[in-house]
>>> print(open('target_10.pdb').read())   # PDB, C-alpha atoms, pLDDT in the B column
ATOM      1  CA  SER Q   1      44.087 117.006 291.074  1.00 58.00           C
ATOM      2  CA  VAL Q   2      46.463 119.740 290.114  1.00 63.00           C
ATOM      3  CA  THR Q   3      46.806 120.772 286.477  1.00 63.00           C
ATOM      4  CA  LEU Q   4      50.159 122.017 285.409  1.00 62.00           C
ATOM      5  CA  ARG Q   5      50.702 124.545 282.684  1.00 59.00           C
ATOM      6  CA  PRO Q   6      53.016 123.555 279.839  1.00 56.00           C
ATOM      7  CA  ALA Q   7      56.493 124.925 280.058  1.00 56.00           C
ATOM      8  CA  VAL Q   8      57.505 127.982 278.008  1.00 53.00           C
ATOM      9  CA  SER Q   9      59.763 125.898 275.829  1.00 55.00           C
ATOM     10  CA  GLN Q  10      56.850 123.652 274.830  1.00 53.00           C
ATOM     11  CA  LYS Q  11      54.777 126.734 273.808  1.00 50.00           C
ATOM     12  CA  MET Q  12      57.624 128.053 271.718  1.00 55.00           C
ATOM     13  CA  GLN Q  13      58.068 124.665 270.034  1.00 56.00           C
ATOM     14  CA  ALA Q  14      54.342 124.604 269.180  1.00 53.00           C
ATOM     15  CA  SER Q  15      54.510 128.084 267.687  1.00 54.00           C
ATOM     16  CA  ARG Q  16      57.622 127.230 265.686  1.00 54.00           C
ATOM     17  CA  SER Q  17      55.920 124.264 264.087  1.00 56.00           C
ATOM     18  CA  SER Q  18      52.894 126.269 262.876  1.00 57.00           C
ATOM     19  CA  ALA Q  19      52.353 127.037 259.203  1.00 54.00           C
ATOM     20  CA  PHE Q  20      52.855 130.766 259.712  1.00 55.00           C
ATOM     21  CA  SER Q  21      56.283 130.375 261.274  1.00 57.00           C
ATOM     22  CA  THR Q  22      57.541 127.987 258.576  1.00 58.00           C
ATOM     23  CA  GLY Q  23      56.293 130.149 255.722  1.00 60.00           C
ATOM     24  CA  ASP Q  24      54.029 127.457 254.238  1.00 60.00           C
ATOM     25  CA  LEU Q  25      50.783 129.436 254.077  1.00 59.00           C
ATOM     26  CA  SER Q  26      49.050 127.458 251.334  1.00 58.00           C
ATOM     27  CA  GLY Q  27      47.098 125.382 253.850  1.00 58.00           C
ATOM     28  CA  ALA Q  28      46.330 128.314 256.119  1.00 55.00           C
ATOM     29  CA  PHE Q  29      44.432 130.261 253.450  1.00 55.00           C
ATOM     30  CA  SER Q  30      42.736 127.298 251.771  1.00 57.00           C
ATOM     31  CA  ARG Q  31      39.455 127.968 253.606  1.00 55.00           C
ATOM     32  CA  ILE Q  32      39.224 131.598 252.447  1.00 55.00           C
ATOM     33  CA  SER Q  33      36.990 132.052 249.443  1.00 55.00           C
ATOM     34  CA  LEU Q  34      38.448 134.378 246.841  1.00 57.00           C
ATOM     35  CA  ALA Q  35      35.196 134.830 244.927  1.00 57.00           C
ATOM     36  CA  ARG Q  36      33.159 137.223 247.070  1.00 59.00           C
ATOM     37  CA  PRO Q  37      30.058 138.998 245.856  1.00 60.00           C
ATOM     38  CA  VAL Q  38      30.850 142.603 244.991  1.00 60.00           C
ATOM     39  CA  SER Q  39      28.362 145.002 246.500  1.00 63.00           C
ATOM     40  CA  ALA Q  40      27.855 148.607 245.503  1.00 60.00           C
ATOM     41  CA  PRO Q  41      29.616 151.085 247.774  1.00 61.00           C
ATOM     42  CA  LYS Q  42      27.308 152.446 250.440  1.00 58.00           C
ATOM     43  CA  GLN Q  43      26.466 156.094 250.110  1.00 59.00           C
ATOM     44  CA  LEU Q  44      27.145 158.146 253.183  1.00 55.00           C
ATOM     45  CA  VAL Q  45      23.975 159.948 254.221  1.00 55.00           C
ATOM     46  CA  VAL Q  46      24.784 163.057 256.220  1.00 53.00           C
ATOM     47  CA  PRO Q  47      21.837 164.771 257.884  1.00 57.00           C
ATOM     48  CA  VAL Q  48      21.723 168.496 257.246  1.00 52.00           C
ATOM     49  CA  GLU Q  49      21.885 170.350 260.516  1.00 60.00           C
ATOM     50  CA  MET Q  50      22.433 173.980 261.291  1.00 68.00           C
ATOM     51  CA  LYS Q  51      25.491 174.645 263.388  1.00 82.00           C
ATOM     52  CA  ARG Q  52      24.779 175.926 266.863  1.00 91.00           C
ATOM     53  CA  VAL Q  53      27.237 178.791 266.520  1.00 93.00           C
ATOM     54  CA  CYS Q  54      26.666 182.524 266.831  1.00 93.00           C
ATOM     55  CA  SER Q  55      27.105 183.956 263.330  1.00 92.00           C
ATOM     56  CA  MET Q  56      28.705 187.174 264.601  1.00 93.00           C
ATOM     57  CA  THR Q  57      30.901 186.244 267.582  1.00 93.00           C
ATOM     58  CA  GLY Q  58      31.475 182.559 266.795  1.00 93.00           C
ATOM     59  CA  LYS Q  59      30.370 181.430 270.270  1.00 94.00           C
ATOM     60  CA  ARG Q  60      29.974 177.652 270.553  1.00 94.00           C
ATOM     61  CA  ARG Q  61      28.833 175.188 273.172  1.00 94.00           C
ATOM     62  CA  ASN Q  62      30.998 174.583 276.229  1.00 96.00           C
ATOM     63  CA  ASN Q  63      31.963 171.196 277.662  1.00 96.00           C
ATOM     64  CA  ALA Q  64      31.486 171.255 281.422  1.00 97.00           C
ATOM     65  CA  MET Q  65      31.088 168.980 284.423  1.00 97.00           C
ATOM     66  CA  SER Q  66      27.988 168.540 286.552  1.00 97.00           C
ATOM     67  CA  VAL Q  67      29.094 167.987 290.149  1.00 97.00           C
ATOM     68  CA  SER Q  68      26.692 166.234 292.508  1.00 97.00           C
ATOM     69  CA  PHE Q  69      26.531 166.548 296.315  1.00 97.00           C
ATOM     70  CA  SER Q  70      28.705 163.439 296.632  1.00 97.00           C
ATOM     71  CA  HIS Q  71      31.158 165.069 294.207  1.00 96.00           C
ATOM     72  CA  ILE Q  72      30.458 162.611 291.377  1.00 97.00           C
ATOM     73  CA  ARG Q  73      31.347 164.453 288.211  1.00 97.00           C
ATOM     74  CA  THR Q  74      29.470 163.805 284.963  1.00 97.00           C
ATOM     75  CA  LYS Q  75      29.964 165.518 281.625  1.00 97.00           C
ATOM     76  CA  LYS Q  76      27.397 167.986 280.370  1.00 96.00           C
ATOM     77  CA  VAL Q  77      27.161 170.477 277.517  1.00 96.00           C
ATOM     78  CA  GLN Q  78      26.331 174.144 277.993  1.00 95.00           C
ATOM     79  CA  GLU Q  79      24.663 175.326 274.788  1.00 95.00           C
ATOM     80  CA  VAL Q  80      24.690 178.915 273.549  1.00 95.00           C
ATOM     81  CA  ASN Q  81      21.341 180.720 273.764  1.00 95.00           C
ATOM     82  CA  LEU Q  82      20.933 181.287 270.012  1.00 95.00           C
ATOM     83  CA  GLN Q  83      18.092 183.262 268.485  1.00 94.00           C
ATOM     84  CA  THR Q  84      17.281 183.788 264.808  1.00 94.00           C
ATOM     85  CA  LYS Q  85      16.603 187.503 264.509  1.00 94.00           C
ATOM     86  CA  LYS Q  86      16.252 190.207 261.878  1.00 94.00           C
ATOM     87  CA  PHE Q  87      18.127 193.455 262.446  1.00 95.00           C
ATOM     88  CA  TYR Q  88      17.556 196.724 260.614  1.00 94.00           C
ATOM     89  CA  TRP Q  89      20.712 197.886 258.812  1.00 93.00           C
ATOM     90  CA  GLU Q  90      20.494 201.690 258.636  1.00 92.00           C
ATOM     91  CA  LYS Q  91      23.152 202.229 255.941  1.00 92.00           C
ATOM     92  CA  GLU Q  92      21.661 199.851 253.351  1.00 91.00           C
ATOM     93  CA  LYS Q  93      18.025 200.225 254.467  1.00 91.00           C
ATOM     94  CA  ARG Q  94      17.436 196.496 254.698  1.00 92.00           C
ATOM     95  CA  MET Q  95      16.570 193.852 257.246  1.00 93.00           C
ATOM     96  CA  VAL Q  96      19.449 191.422 257.842  1.00 93.00           C
ATOM     97  CA  LYS Q  97      18.711 187.932 259.177  1.00 93.00           C
ATOM     98  CA  MET Q  98      21.224 186.412 261.612  1.00 93.00           C
ATOM     99  CA  LYS Q  99      21.485 183.581 264.115  1.00 94.00           C
ATOM    100  CA  VAL Q 100      23.050 185.246 267.151  1.00 94.00           C
ATOM    101  CA  ALA Q 101      23.474 184.656 270.873  1.00 96.00           C
ATOM    102  CA  THR Q 102      21.443 186.756 273.281  1.00 96.00           C
ATOM    103  CA  SER Q 103      24.639 188.310 274.623  1.00 96.00           C
ATOM    104  CA  THR Q 104      25.438 189.395 271.054  1.00 96.00           C
ATOM    105  CA  ILE Q 105      21.965 190.943 270.747  1.00 96.00           C
ATOM    106  CA  LYS Q 106      22.799 193.076 273.787  1.00 96.00           C
ATOM    107  CA  THR Q 107      26.100 194.104 272.158  1.00 96.00           C
ATOM    108  CA  ILE Q 108      24.301 195.070 268.926  1.00 96.00           C
ATOM    109  CA  ASN Q 109      21.760 197.110 270.918  1.00 96.00           C
ATOM    110  CA  LYS Q 110      24.578 198.897 272.721  1.00 96.00           C
ATOM    111  CA  TYR Q 111      26.939 199.704 269.802  1.00 95.00           C
ATOM    112  CA  GLY Q 112      24.706 199.360 266.737  1.00 95.00           C
ATOM    113  CA  LEU Q 113      24.743 196.727 263.985  1.00 95.00           C
ATOM    114  CA  GLU Q 114      27.588 198.123 261.869  1.00 95.00           C
ATOM    115  CA  ALA Q 115      29.892 198.866 264.818  1.00 95.00           C
ATOM    116  CA  ALA Q 116      29.337 195.388 266.283  1.00 95.00           C
ATOM    117  CA  ALA Q 117      29.960 193.762 262.894  1.00 94.00           C
ATOM    118  CA  LYS Q 118      33.171 195.755 262.513  1.00 94.00           C
ATOM    119  CA  LYS Q 119      34.241 194.797 266.039  1.00 94.00           C
ATOM    120  CA  TYR Q 120      33.854 191.068 265.293  1.00 94.00           C
ATOM    121  CA  GLY Q 121      35.086 191.280 261.661  1.00 93.00           C
ATOM    122  CA  MET Q 122      31.820 190.276 260.001  1.00 92.00           C
ATOM    123  CA  ASN Q 123      30.713 191.120 256.451  1.00 92.00           C
ATOM    124  CA  LEU Q 124      27.038 192.098 256.571  1.00 92.00           C
ATOM    125  CA  TYR Q 125      26.696 191.968 252.774  1.00 91.00           C
ATOM    126  CA  LYS Q 126      26.958 188.151 252.841  1.00 91.00           C
ATOM    127  CA  LEU Q 127      23.858 187.690 255.001  1.00 90.00           C
ATOM    128  CA  PRO Q 128      20.308 187.015 253.765  1.00 90.00           C
ATOM    129  CA  TRP Q 129      18.285 190.225 253.691  1.00 88.00           C
ATOM    130  CA  THR Q 130      14.966 191.798 252.739  1.00 89.00           C
ATOM    131  CA  ASP Q 131      14.722 195.230 251.187  1.00 88.00           C
ATOM    132  CA  VAL Q 132      12.727 197.761 253.221  1.00 87.00           C
ATOM    133  CA  SER Q 133      13.797 200.930 251.427  1.00 88.00           C
ATOM    134  CA  GLU Q 134      11.208 203.600 250.636  1.00 89.00           C
ATOM    135  CA  ASN Q 135      11.173 202.762 246.912  1.00 89.00           C
ATOM    136  CA  ARG Q 136      10.568 199.075 247.629  1.00 85.00           C
ATOM    137  CA  LEU Q 137       7.777 199.753 250.104  1.00 85.00           C
ATOM    138  CA  LYS Q 138       6.160 202.219 247.665  1.00 89.00           C
ATOM    139  CA  TRP Q 139       6.292 199.638 244.845  1.00 86.00           C
ATOM    140  CA  LEU Q 140       4.775 196.951 247.082  1.00 84.00           C
ATOM    141  CA  ALA Q 141       1.941 199.317 248.082  1.00 87.00           C
ATOM    142  CA  GLU Q 142       1.156 200.103 244.406  1.00 88.00           C
ATOM    143  CA  HIS Q 143       1.373 196.493 243.167  1.00 85.00           C
ATOM    144  CA  LYS Q 144      -0.353 194.457 245.868  1.00 83.00           C
ATOM    145  CA  GLY Q 145      -0.225 190.721 245.157  1.00 76.00           C
ATOM    146  CA  GLU Q 146       2.031 191.065 242.095  1.00 79.00           C
ATOM    147  CA  LYS Q 147       5.403 189.453 241.784  1.00 76.00           C
ATOM    148  CA  PRO Q 148       8.204 191.565 240.339  1.00 71.00           C
ATOM    149  CA  VAL Q 149       9.280 190.500 236.845  1.00 74.00           C
ATOM    150  CA  SER Q 150      12.889 190.637 235.761  1.00 70.00           C
ATOM    151  CA  LYS Q 151      13.754 193.048 232.956  1.00 69.00           C
ATOM    152  CA  LYS Q 152      15.824 190.326 231.284  1.00 66.00           C
ATOM    153  CA  ASN Q 153      14.063 187.869 229.008  1.00 62.00           C
ATOM    154  CA  ARG Q 154      14.758 184.542 230.674  1.00 58.00           C
ATOM    155  CA  VAL Q 155      12.535 182.365 228.495  1.00 58.00           C
ATOM    156  CA  ASN Q 156      15.409 181.049 226.405  1.00 56.00           C
ATOM    157  CA  GLN Q 157      18.245 181.302 228.892  1.00 55.00           C
ATOM    158  CA  PHE Q 158      19.410 177.694 228.392  1.00 56.00           C
ATOM    159  CA  ARG Q 159      19.834 177.773 224.622  1.00 56.00           C
ATOM    160  CA  THR Q 160      23.308 177.178 223.319  1.00 57.00           C
ATOM    161  CA  ARG Q 161      25.280 179.622 221.259  1.00 55.00           C
ATOM    162  CA  PHE Q 162      24.957 177.448 218.154  1.00 56.00           C
ATOM    163  CA  LYS Q 163      21.153 177.291 218.287  1.00 59.00           C
ATOM    164  CA  GLN Q 164      20.964 181.068 218.680  1.00 58.00           C
ATOM    165  CA  LYS Q 165      23.215 181.581 215.627  1.00 58.00           C
ATOM    166  CA  ALA Q 166      21.112 179.163 213.578  1.00 61.00           C
ATOM    167  CA  GLU Q 167      17.908 180.961 214.537  1.00 65.00           C
ATOM    168  CA  ALA Q 168      19.442 184.359 213.787  1.00 64.00           C
ATOM    169  CA  SER Q 169      20.536 183.296 210.312  1.00 65.00           C
ATOM    170  CA  ALA Q 170      17.158 181.715 209.471  1.00 61.00           C
TER     171      ALA Q 170
END
>>> encode(input="target_10.pdb", output="structure tokens")
Amino acid sequence: SVTLRPAVSQKMQASRSSAFSTGDLSGAFSRISLARPVSAPKQLVVPVEMKRVCSMTGKRRNNAMSVSFSHIRTKKVQEVNLQTKKFYWEKEKRMVKMKVATSTIKTINKYGLEAAAKKYGMNLYKLPWTDVSENRLKWLAEHKGEKPVSKKNRVNQFRTRFKQKAEASA
């Protein structure tokens, strides 16, 4: 028992007689329901992750191949050896916190923080820092356990201009 395939001309005749080829689409879309429940758009939740990039040099991970003894090659990622470290900035007398590669730490030790930052075009003023100047250390020694208070009165910082004028006139 041999089954024969229909000839090409028969296939073309079948496709010509379909509703799509004739332009009569009323029957083709009769099964589609137009009234669909409207759902709220889904919010995209993006997890917050720190980039694995050296903040000074911009070093990133490298895509590489792991080659076995039989020469089967599989993809692997070579990550940068990043360390979060505080460096002392001599000019501003402050500790600057950076996420840098270990090779960059060696460069900073060799040339100094400012020279390395200048070499890589980095602005040290934009980094998080802690003040370790003599005045700050002296104040901390005198006021152990106290928090510094701002000289500005921030109790009523959210009042509007109109409320302040009304209180001033009263």
>>> atom_distance(input="target_10.pdb", atom1="atom CA of Val100 of chain Q", atom2="atom CA of Lys59 of chain Q")
8.8 Å
>>> atom_distance(input="target_10.pdb", atom1="atom CA of Lys76 of chain Q", atom2="atom CA of Ala64 of chain Q")
5.3 Å
>>> residues_around(input="target_10.pdb", residues="segment 110-115 of chain Q", least_positions_apart="4", cutoff="7 Å", atoms="all atoms listed in the file", output="list in words")
Trp89, Lys106 and Lys119 of chain Q
>>> write_last_selection(input="target_10.pdb", atoms="C-alpha atoms", output="JSON list (two decimals), in the coordinates of the input")
[["chain", "number", "residue", "atom", "x", "y", "z"],
["Q", 89, "TRP", "CA", 20.71, 197.89, 258.81],
["Q", 106, "LYS", "CA", 22.80, 193.08, 273.79],
["Q", 119, "LYS", "CA", 34.24, 194.80, 266.04]]
>>> atom_distance(input="target_10.pdb", atom1="atom CA of Leu127 of chain Q", atom2="atom CA of Arg52 of chain Q")
16.7 Å
>>> closest_residue(input="target_10.pdb", among="Q:Ser150, Q:Arg61, Q:Met122, Q:Ile108", to="Lys86 of chain Q", atoms="all atoms listed in the file")
Q:Ile108
>>> resolve_selection(input="target_10.pdb", expression="the PyMOL selection byres ((chain Q and resi 94) around 6)", output="JSON, numbers by chain")
{"Q": [88, 89, 92, 93, 95, 130, 131, 132]}
>>> closest_residue(input="target_10.pdb", among="Q:Val77, Q:Leu137, Q:Val149, Q:Val96", to="Leu124 of chain Q", atoms="all atoms listed in the file")
Q:Val96
>>> closest_residue(input="target_10.pdb", among="Q:Glu90, Q:Lys85, Q:Lys97, Q:Lys144", to="Lys126 of chain Q", atoms="all atoms listed in the file")
Q:Lys97
>>> residues_near_point(input="target_10.pdb", point="(29.1, 185.3, 266.1)", cutoff="9 Å", atoms="only C-alpha atoms", output="count of residues only")
14
>>> build_atoms(input="target_10.pdb", residues="segment 114-140 of chain Q", atoms="N, CA and C atoms", output="short mmCIF file (atom, residue, chain, number, x, y, z; two decimals), keeping the file's coordinate frame")
data_model
loop_
_atom_site.label_atom_id
_atom_site.label_comp_id
_atom_site.auth_asym_id
_atom_site.auth_seq_id
_atom_site.Cartn_x
_atom_site.Cartn_y
_atom_site.Cartn_z
N GLU Q 114 26.33 197.97 262.64
CA GLU Q 114 27.59 198.12 261.87
C GLU Q 114 28.81 198.13 262.76
N ALA Q 115 28.75 198.81 263.91
CA ALA Q 115 29.89 198.87 264.82
C ALA Q 115 30.19 197.49 265.40
N ALA Q 116 29.13 196.73 265.74
CA ALA Q 116 29.34 195.39 266.28
C ALA Q 116 29.92 194.45 265.22
N ALA Q 117 29.43 194.59 263.98
CA ALA Q 117 29.96 193.76 262.89
C ALA Q 117 31.43 194.08 262.63
N LYS Q 118 31.78 195.35 262.70
CA LYS Q 118 33.17 195.76 262.51
C LYS Q 118 34.04 195.24 263.65
N LYS Q 119 33.50 195.28 264.87
CA LYS Q 119 34.24 194.80 266.04
C LYS Q 119 34.58 193.32 265.92
N TYR Q 120 33.65 192.51 265.41
CA TYR Q 120 33.85 191.07 265.29
C TYR Q 120 34.33 190.63 263.91
N GLY Q 121 34.55 191.59 262.99
CA GLY Q 121 35.09 191.28 261.66
C GLY Q 121 34.11 190.52 260.79
N MET Q 122 32.86 190.96 260.76
CA MET Q 122 31.82 190.28 260.00
C MET Q 122 31.41 191.12 258.80
N ASN Q 123 31.17 190.46 257.66
CA ASN Q 123 30.71 191.12 256.45
C ASN Q 123 29.19 191.01 256.37
N LEU Q 124 28.50 192.11 256.56
CA LEU Q 124 27.04 192.10 256.57
C LEU Q 124 26.44 191.88 255.19
N TYR Q 125 27.21 192.13 254.14
CA TYR Q 125 26.70 191.97 252.77
C TYR Q 125 26.49 190.49 252.42
N LYS Q 126 27.09 189.58 253.15
CA LYS Q 126 26.96 188.15 252.84
C LYS Q 126 25.74 187.50 253.49
N LEU Q 127 25.00 188.25 254.28
CA LEU Q 127 23.86 187.69 255.00
C LEU Q 127 22.58 187.78 254.17
N PRO Q 128 21.61 186.89 254.44
CA PRO Q 128 20.31 187.02 253.76
C PRO Q 128 19.59 188.27 254.26
N TRP Q 129 18.90 188.95 253.34
CA TRP Q 129 18.28 190.22 253.69
C TRP Q 129 16.98 190.42 252.94
N THR Q 130 16.18 191.36 253.43
CA THR Q 130 14.97 191.80 252.74
C THR Q 130 15.01 193.31 252.64
N ASP Q 131 14.65 193.80 251.47
CA ASP Q 131 14.72 195.23 251.19
C ASP Q 131 13.52 195.94 251.82
N VAL Q 132 13.79 196.96 252.62
CA VAL Q 132 12.73 197.76 253.22
C VAL Q 132 12.94 199.24 252.94
N SER Q 133 13.58 199.53 251.79
CA SER Q 133 13.80 200.93 251.43
C SER Q 133 12.46 201.56 251.02
N GLU Q 134 12.44 202.88 250.96
CA GLU Q 134 11.21 203.60 250.64
C GLU Q 134 10.69 203.23 249.25
N ASN Q 135 11.59 203.12 248.27
CA ASN Q 135 11.17 202.76 246.91
C ASN Q 135 10.53 201.37 246.88
N ARG Q 136 11.11 200.43 247.61
CA ARG Q 136 10.57 199.08 247.63
C ARG Q 136 9.20 199.05 248.30
N LEU Q 137 9.06 199.73 249.40
CA LEU Q 137 7.78 199.75 250.10
C LEU Q 137 6.70 200.45 249.28
N LYS Q 138 7.10 201.51 248.53
CA LYS Q 138 6.16 202.22 247.66
C LYS Q 138 5.69 201.31 246.53
N TRP Q 139 6.63 200.55 245.94
CA TRP Q 139 6.29 199.64 244.84
C TRP Q 139 5.35 198.55 245.34
N LEU Q 140 5.63 198.00 246.53
CA LEU Q 140 4.78 196.95 247.08
C LEU Q 140 3.37 197.48 247.37
#
